[in-house]
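Comments concern the structure below.
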Protein chains: 2
Amino acid sequence: MFRTVEWKNSSVVMIDQRILPGKEVYRTYRDYKTVAGAIKDMVVRGAPAIGVAAAMGVALGSLKIKAKDYAAFKKEFDKVATLLASTRPTAVNLFWGIERMRRVAEENKTLPIEKLKARLVAEAKEIHREDIEINRSIGRHGGRLIKNNSTILTHCNAGALATAGYGTALGVIRGAIEAGKKVKVFADETRPFLQGARLTAWELKKDKIDVTLITDNMAGYIMKKGLIDAVVVGADRIASNGDVANKIGTYSVALLAKAHGIPFYVAAPLSTIDLNIKHGDQIPIEERNEKEVTHLAGKRVAPEGVSVRNPAFDVTPNRLVAGIITEAGVAKAPYVRSIKALFRKG
Amino acid sequence: MFRTVEWKNSSVVMIDQRILPGKEVYRTYRDYKTVAGAIKDMVVRGAPAIGVAAAMGVALGSLKIKAKDYAAFKKEFDKVATLLASTRPTAVNLFWGIERMRRVAEENKTLPIEKLKARLVAEAKEIHREDIEINRSIGRHGGRLIKNNSTILTHCNAGALATAGYGTALGVIRGAIEAGKKVKVFADETRPFLQGARLTAWELKKDKIDVTLITDNMAGYIMKKGLIDAVVVGADRIASNGDVANKIGTYSVALLAKAHGIPFYVAAPLSTIDLNIKHGDQIPIEERNEKEVTHLAGKRVAPEGVSVRNPAFDVTPNRLVAGIITEAGVAKAPYVRSIKALFRKG
């Protein structure tokens, strides 16, 4: 298959998602600054994959720290963590991954520095390993919600490419198929970065899962034709009340699903749920470069000087969400209570 | 400014809308077969502009007919009309324009052939002239519905480029501005052909109208932010009950507008209303080449062999339409009655 992000010989190796599916290129990062650049430039994207990459970036940065005591180590460590945390604002897994590494450093501060470094590398690798396991659990829980002979609409890419492997939303689809169900997929192309056209279509085809590509504005038409049985998407950050920040266009898909009586599910690890955030309006929404909108495949399509908006995410209010599928089970409304219950179990 | 479609020295001249805004190229068509090709390939697009181009194609075809009596002429004329009618199935103005030319031929069949040909050329030019006048009336009627300091969302291009000039939906915006109102515009880019990014943004910028470009999947986000006061779009065919076929994605925009309490208006000439069609489900929806979805700016972005749907239009049910703005006034629900009333006036 392929490896989204991997620790290999004291370096981080990532498949370059900017040029898929045309070219399958693995890039090797040997220092945390270039890992930060790779996250910012979307060589790697998808909340869980960003969390793993950030943790590996912290491990990589730690390895290079020349310090003899923890205080000196910690000072450099904080620089590494701060740079990595500044790359993208919306996906909470970024901060979660860095925070987990920070906690491990703190808990092991009495170790000799070289042992501490080894412990941090081990933790980053553990986060990677866990993520695949978590996605398989999400797949098992979510797979039960999918009826046999269903057609699922998904938006963006919440697949193996958005995680350490297996995927969240696409994990649910894989889980349903592994449970013996027949499932077809419609993938929104997901402008402007085309994660659906480039990544979801590619990884599902590789897996021999039946996938049909549409432009984002065809979703309503396809739903009205009765072709969609459920929507499953991933998430970049979920508030404690169940409001969901995810790739721009998700909110529109959720409204369209509601209008057609189609259940709209969100699949994400518990690490995507931000208990510090009460509701979706508090989630920071990244605005990215205008060029993503004005240019296509490197070529300008819009007139010079046109004003552009390019929010990378939107927030879907909890009332539109039929269920949040996590590794600890499925939360349903009312979400404040059901999410708390999952954390007690998880 | 620019000229969308024009009769000039026994030929039809059209601005090539496939390569705007990068290149402003006028192409000259000297026979009806190449006019048919230009309609099919979307050198010219937009229901009213297609109607004008088809009528001019009929005139061009008629000029070349070598016949000495009407019966012989009519045989060739029917071939011309049939080919032009086969180019695109959804926009009814195509059939309306051809039908009007056929009626003129029939009504003047006693004229000498050369005089009949001149009469047909005059009719095509008259259709062109009338279309601009009709759009100005649409602009006056529709302009009254737009409040001062409004921001209008539009989808696709229903502007001067979609008509002989001035535009239908963009005519409403121009009408509001001419009435002294301040109006800003958000333009959906409108995948796959990017009429919004390439054409609407371009012609509004030329006119110094404030326009902001977004991808189609940002419309919900922008509406939720409270940035949109009204939606105005064009139409390719309107059923006698007020169901509206328009560019793919229009239905989604209408549902989003409904969910946010934003009025959704359709601007179109009476020639876009097909009284032979009772409701929208009877309107044929063109599916276009998969390449429009899999390729961007000539470059493949989706994986080889992926399944694709590419419906070029969708149908918005009348219950989502706040008003249909025509040259004879604004129809409101219940549409069967109000549309009939407009035809009596129009």
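So you can find residues: chains in the structure tokens are A, B, ... in the order shown, residues in each start at 1, and ligands are numbered from 1 in order.
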
- prompt: Within 8 Å of chain B, which residues of chain A show up when using only C-alpha atoms, listed as number ranges by chain?
  reply: A: 21-22, 190-192, 197-198, 201-202, 205, 211-221, 248-252, 255-256, 259, 293-294, 296-297, 299-303, 306-311, 314-315

- request: Determine which residues of range 175-336 of chain B DSSP labels as strand (DSSP E or B) from the backbone of this structure, then write them out as a PyMOL selection string.
  value: chain B and resi 183-188+211-214+230-233+237-239+244-247+264-267+273-274+287+295-296+299-300+307-308+311+313-316+323-326+329-331

field: Every residue of range 61-300 of chain B that DSSP places in alpha helix (DSSP H), as a VMD selection string
entry: chain B and resid 61 to 63 70 to 85 92 to 107 113 to 143 169 to 178 201 to 206 219 to 224 250 to 259 291 to 294

- prompt: Near range 107-111 of chain A, counting only C-alpha atoms, which residues have an atom at most 12 Å away, once you skip same-chain residues fewer than 6 positions from it, shown as a list in words?
  reply: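 So the residues in contact are Lys68, Asp69, Tyr70, Ala71, Ala72, Phe73, Lys74, Phe77, Arg100, Met101, Lys117, Ala118, Arg119, Leu120 and Glu123 of chain A.
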
message: Using only C-alpha atoms, which protein or nucleic acid residues come within 6 Å of Gly139 in chain B? Drop anything in the same chain fewer than 5 positions from it, and give the result as a list of chain:residue names.
response: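 Returned residues: B:Gly171, B:Val172, B:Gly175.
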
Output N, CA, C and O atoms of each residue in that selection to a file, as a compact mmCIF listing (two decimals), in the first residue's frame.
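Contents of selection.txt, as written:
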# COMPACT_ATOMS: atom_id res chain seq x y z
N GLY B 171 -27.50 41.27 -14.65
CA GLY B 171 -28.34 42.40 -15.07
C GLY B 171 -29.10 42.97 -13.88
O GLY B 171 -29.25 44.19 -13.75
N VAL B 172 -29.58 42.09 -13.00
CA VAL B 172 -30.27 42.55 -11.78
C VAL B 172 -29.32 43.36 -10.91
O VAL B 172 -29.68 44.41 -10.36
N GLY B 175 -28.76 46.56 -12.63
CA GLY B 175 -29.97 47.38 -12.49
C GLY B 175 -30.03 48.04 -11.12
O GLY B 175 -30.40 49.23 -11.01

query: Using only C-alpha atoms, which of B:His141, B:Ala341, B:Thr163, B:Leu170 sits nearest Gly329 in chain B?
result: B:His141
